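> Dumping the structure here so I can ask a few things about it.
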Amino acid sequence: MNALVALCHFCELHGPRTLFCTEALHPPSPSPSSQAGVTVPGDRDVDRDGEGLTMRANSSATQRGEMCEGCRSLPASHPGFMSIDDETGIRFVSHQHPREPQLFSIVRQACVRSLSCEVTGDVCPGREGPIFFGDEQHGFVFSHTFFIKDSLARGFQRWYSIVLVAMDRIYLINSWPFLLRHLQLTIQSLQSTALKVFDNEQGVCPQRAVRMNSVFSPAVFPHQRSGNAARSLTSLTQHPNLWASLHSSFSWLLKACGSRLTEKLLEGAPTEDTLVLIERQTEQEEEMSCWEGAEGGNSKPQGHHQLDSEMGHDDESPGPRFRSLRHLRQVLGAAEFRQVAWHVLMGNQVIWRGADPGLIQSAFTVLKMLLPVGCVRSVPYSAHYEEAYKCNFLGLSPDVAIPTHVISSEFSVLVDVSSDVCCQSPPTEDNICSLYQFTMSSANTQPTDRGPTLLNKLEVALSNENLSVDVVSHCLLCLKEELMNKVKVLFKFSKVDGRGREDTQKVLALLGTTGPGEEDNVRLLKFWMTGLSKTYKSHLMSAVRGGERSPSQ
């Protein structure tokens, strides 16, 4: 990750100071032109007067004396810390300051702003917590301010912050839940260690009573304060390997944050499925962060497994499984497959009941391909019935009783999976028909052989043995994208613009939904409107509001 992590401190004598900094150094490019412009860190003198220190070999004792013990992490003679990633060759280097002058200036400004009332006063109640600020010129900063207990400090605490500086604003914002979760772990570790030292010191010599009994004099107050202002973080935590530990934490954070989000080349605008998955992943990370804060990180939100399933992270357990839509059609039969697929496309609840959770989940994984991601609400396997508003894919164990109103409803279909006791062959993907019997039931009396058009075209592709499974998958993807474009037009026309029923019917005719299976086509479009991403809906609403305001401006 092209970023830099720094620990900052507000010194009572010298103001905001950078204590410790970890940066990632990428391997140099092999091209001669790029190597000509590379400068090795440490080969030139760097003037750092803004930090109260001039980092030159001939720096005077007076200049070095401008840093107290609380402003210094590593001595000038310390070589720093370095870790190398064997996979990428990236070096993670830690020292008190960045080695490049430009980075030094950027980190210095981020340090000052993270510890100033200008930034934290209005954003973080109590001046503790995460904030985000920055610009294109000086970089963008994720900062988390916090206090460390100190029995000798004013107010018995000292002010610190951890800042992560990067030039990519979008990347940094998308990494907010991840950074917050792991930086809080580091901060909590520092605070708990310092609190133990604080309690021990207070037990030996309570400073509150000492201060109340001491004589206050304005003339000697600065000298009294200067004696207490130079305690280092190592002294506050009594951690002998503090800086090595922080180097490991910061290095891991840079590596993990850089590998969790990867760039992917997309042709054209992102699809609705991509937008919905991004939104759900963001919501899931925020929910996990809240759960870890409340439960200590030992529990996992209930919806996490559902998100993994929707993103294709299903568990690969052994046993007979459905491999594709064509495979499912061959096992169920053409008529039964069409009935199940029709219910899926119409948004009805599809219930599978059986003793093999893996087989049921594989059926759902295949059937989900028929829908946009935003229309999928799945409970892979449950010990009790879930209502249709919670899920449109429901897997149940064999002994679960289904309510009468569901069995008699035309908006659901039940597939009972029973084992064939006569079969003695080992379980494989090829002998599902000999291992299981599939019984389908539904109260729907509407014919399913007319439409929708998507299902008719899909059945033609599935029945054509000359088309491979991959070709059929790409064909289905194209059909879904074509339908999603029609869904967007219908949503914009009927929901955003608020047109009447007569105008809506004209648009439906223009979209080609009339003719055979017209009722199914319209029902499908209306169901798929529920799967549009929040990003697209908010974009449309913003555009409409902007168009309404523009004539009056």
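In the structure tokens, chains take letters A, B, ... by order of appearance, with residues numbered from 1 within each chain and ligands from 1 in the order shown.
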Do you know which residues are at most 8 Å from segment 153-161 of chain A counting only C-alpha atoms, after dropping those on the same chain fewer than 4 positions away, and could you put them as a PyMOL selection string?

chain A and resi 7-10+111+114-115+143-149+228-229

> Emit the selected residues as a PDB file, in the first residue's frame, including C-alpha atoms.


ATOM      1  CA  LEU A   7       2.752   7.900  15.779  1.00  0.00           C
ATOM      2  CA  CYS A   8       2.481  11.536  16.890  1.00  0.00           C
ATOM      3  CA  HIS A   9       2.647  13.207  20.303  1.00  0.00           C
ATOM      4  CA  PHE A  10       1.715  16.622  21.677  1.00  0.00           C
ATOM      5  CA  CYS A 111       0.833  15.540  12.802  1.00  0.00           C
ATOM      6  CA  SER A 114      -4.309  15.640  13.940  1.00  0.00           C
ATOM      7  CA  LEU A 115      -3.359  17.123  17.320  1.00  0.00           C
ATOM      8  CA  SER A 143      -6.071   9.933  12.090  1.00  0.00           C
ATOM      9  CA  HIS A 144      -7.014   8.397  15.432  1.00  0.00           C
ATOM     10  CA  THR A 145      -6.318  10.543  18.511  1.00  0.00           C
ATOM     11  CA  PHE A 146      -6.113   9.060  22.004  1.00  0.00           C
ATOM     12  CA  PHE A 147      -4.810   9.715  25.531  1.00  0.00           C
ATOM     13  CA  ILE A 148      -2.161   7.862  27.529  1.00  0.00           C
ATOM     14  CA  LYS A 149      -2.219   7.979  31.315  1.00  0.00           C
ATOM     15  CA  ASN A 228       7.394  16.641  34.157  1.00  0.00           C
ATOM     16  CA  ALA A 229       7.083  17.204  30.419  1.00  0.00           C
TER      17      ALA A 229
END

> For segment 332-344 of chain A, find every residue with an atom within 9 Å (counting only C-alpha atoms), except residues of its own chain fewer than 5 positions away, and show them as a ChimeraX atom specification.

/A:327,349-350,367-368,370-371,392-393,411-415,433,438,440,448-449,451-452,455,459,520

> What's around segment 480-485 of chain A at 8 Å? Count only C-alpha atoms, leave out sequence neighbours fewer than 3 positions away in its own chain, and write the answer as a ChimeraX atom specification.

/A:370-372,476-477,488-489,525,528

> Atoms to include: all heavy atoms. Write the selected residues as a short mmCIF file (atom, residue, chain, number, x, y, z; two decimals), in the first residue's frame.


data_model
loop_
_atom_site.label_atom_id
_atom_site.label_comp_id
_atom_site.auth_asym_id
_atom_site.auth_seq_id
_atom_site.Cartn_x
_atom_site.Cartn_y
_atom_site.Cartn_z
N LEU A 370 -29.61 -16.86 -11.71
CA LEU A 370 -30.72 -16.33 -12.49
C LEU A 370 -31.09 -14.91 -12.10
O LEU A 370 -31.79 -14.22 -12.85
CB LEU A 370 -31.95 -17.23 -12.33
CG LEU A 370 -31.82 -18.68 -12.82
CD1 LEU A 370 -33.05 -19.48 -12.41
CD2 LEU A 370 -31.64 -18.72 -14.33
N LEU A 371 -30.65 -14.45 -10.93
CA LEU A 371 -31.09 -13.17 -10.38
C LEU A 371 -29.93 -12.20 -10.22
O LEU A 371 -28.77 -12.62 -10.06
CB LEU A 371 -31.75 -13.38 -9.01
CG LEU A 371 -33.04 -14.19 -8.95
CD1 LEU A 371 -33.50 -14.32 -7.50
CD2 LEU A 371 -34.12 -13.55 -9.80
N PRO A 372 -30.23 -10.90 -10.19
CA PRO A 372 -29.23 -9.93 -9.75
C PRO A 372 -28.92 -10.15 -8.27
O PRO A 372 -29.75 -10.65 -7.51
CB PRO A 372 -29.92 -8.58 -9.97
CG PRO A 372 -31.07 -8.85 -10.86
CD PRO A 372 -31.48 -10.26 -10.64
N LEU A 476 -26.30 -16.09 -20.24
CA LEU A 476 -27.19 -15.66 -19.16
C LEU A 476 -26.77 -14.29 -18.63
O LEU A 476 -27.62 -13.44 -18.33
CB LEU A 476 -27.18 -16.70 -18.04
CG LEU A 476 -27.99 -16.36 -16.79
CD1 LEU A 476 -29.46 -16.18 -17.14
CD2 LEU A 476 -27.83 -17.46 -15.74
N LEU A 477 -25.48 -14.05 -18.53
CA LEU A 477 -24.99 -12.76 -18.05
C LEU A 477 -25.43 -11.62 -18.99
O LEU A 477 -25.86 -10.56 -18.52
CB LEU A 477 -23.47 -12.78 -17.93
CG LEU A 477 -22.78 -11.51 -17.44
CD1 LEU A 477 -23.24 -11.15 -16.04
CD2 LEU A 477 -21.26 -11.66 -17.49
N LYS A 488 -33.77 -0.32 -15.15
CA LYS A 488 -33.37 1.05 -14.81
C LYS A 488 -34.27 2.07 -15.49
O LYS A 488 -34.65 3.08 -14.89
CB LYS A 488 -31.91 1.27 -15.22
CG LYS A 488 -30.91 0.49 -14.39
CD LYS A 488 -29.49 0.72 -14.87
CE LYS A 488 -28.49 -0.07 -14.04
NZ LYS A 488 -27.10 0.15 -14.53
N VAL A 489 -34.61 1.79 -16.75
CA VAL A 489 -35.51 2.71 -17.47
C VAL A 489 -36.87 2.74 -16.79
O VAL A 489 -37.46 3.81 -16.56
CB VAL A 489 -35.65 2.28 -18.94
CG1 VAL A 489 -36.72 3.11 -19.64
CG2 VAL A 489 -34.32 2.42 -19.67
N LEU A 525 -39.74 -7.53 -14.18
CA LEU A 525 -39.11 -6.21 -14.13
C LEU A 525 -39.37 -5.52 -12.79
O LEU A 525 -38.48 -4.90 -12.21
CB LEU A 525 -39.62 -5.35 -15.28
CG LEU A 525 -39.19 -5.75 -16.69
CD1 LEU A 525 -39.85 -4.85 -17.72
CD2 LEU A 525 -37.68 -5.70 -16.84
N TRP A 528 -37.21 -7.16 -10.10
CA TRP A 528 -35.80 -6.83 -10.23
C TRP A 528 -35.50 -5.38 -9.85
O TRP A 528 -34.35 -5.04 -9.56
CB TRP A 528 -35.33 -7.12 -11.66
CG TRP A 528 -35.10 -8.58 -11.91
CD1 TRP A 528 -35.71 -9.63 -11.29
CD2 TRP A 528 -34.18 -9.16 -12.85
NE1 TRP A 528 -35.25 -10.83 -11.77
CE2 TRP A 528 -34.30 -10.57 -12.75
CE3 TRP A 528 -33.31 -8.64 -13.78
CZ2 TRP A 528 -33.55 -11.45 -13.51
CZ3 TRP A 528 -32.55 -9.52 -14.56
CH2 TRP A 528 -32.66 -10.90 -14.42
#

> Measure the distance from atom CA of Arg326 of chain A to atom CA of Glu519 of chain A in Å and round it to one decimal.

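About the pair atom CA of Arg326 of chain A and atom CA of Glu519 of chain A: they are 26.2 Å apart.
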
> Considering only C-alpha atoms, return as number ranges by chain whatever protein or nucleic-acid residues lie within 8 Å of Gly80 of chain A, sequence-local ones (same chain, fewer than 6 positions apart) excluded.

A: 74, 93-95

> If you count only C-alpha atoms, which residues fall within 12 Å of Cys257 of chain A, apart from same-chain ones fewer than 3 positions away, as a ChimeraX atom specification?

/A:1-5,164,166,171-183,249-254,260-262

> Figure out the distance between atom CA of Ile162 of chain A and atom CA of Ile131 of chain A, please, to one decimal in Å.

10.7 Å

> To one decimal place, how far is atom CA of Ser468 of chain A from atom CA of Pro320 of chain A in Å?

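Taking atom CA of Ser468 of chain A and atom CA of Pro320 of chain A, their separation equals 21.2 Å.
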
> So which one's closest to Thr404 of chain A, A:Val496, A:Thr504, A:Asp199, A:Ala443? Using only C-alpha atoms, please.

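Among the listed residues, the smallest separation from Thr404 of chain A belongs to A:Ala443.
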
> As an NGL selection string, list the residues of segment 309-550 of chain A assigned to alpha helix (DSSP H) by DSSP on the backbone atoms of this structure.

:A and (309-310 or 325-332 or 334-346 or 357-367 or 404-407 or 432-435 or 453-463 or 469-491 or 501-510 or 518-528 or 534-549)

> Would you please work out which residue, of A:Val112, A:Leu345, A:Ala76, A:Ile432, is nearest to Thr18 of chain A when using only C-alpha atoms?

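The shortest atom-to-atom distance to Thr18 of chain A comes from A:Val112.
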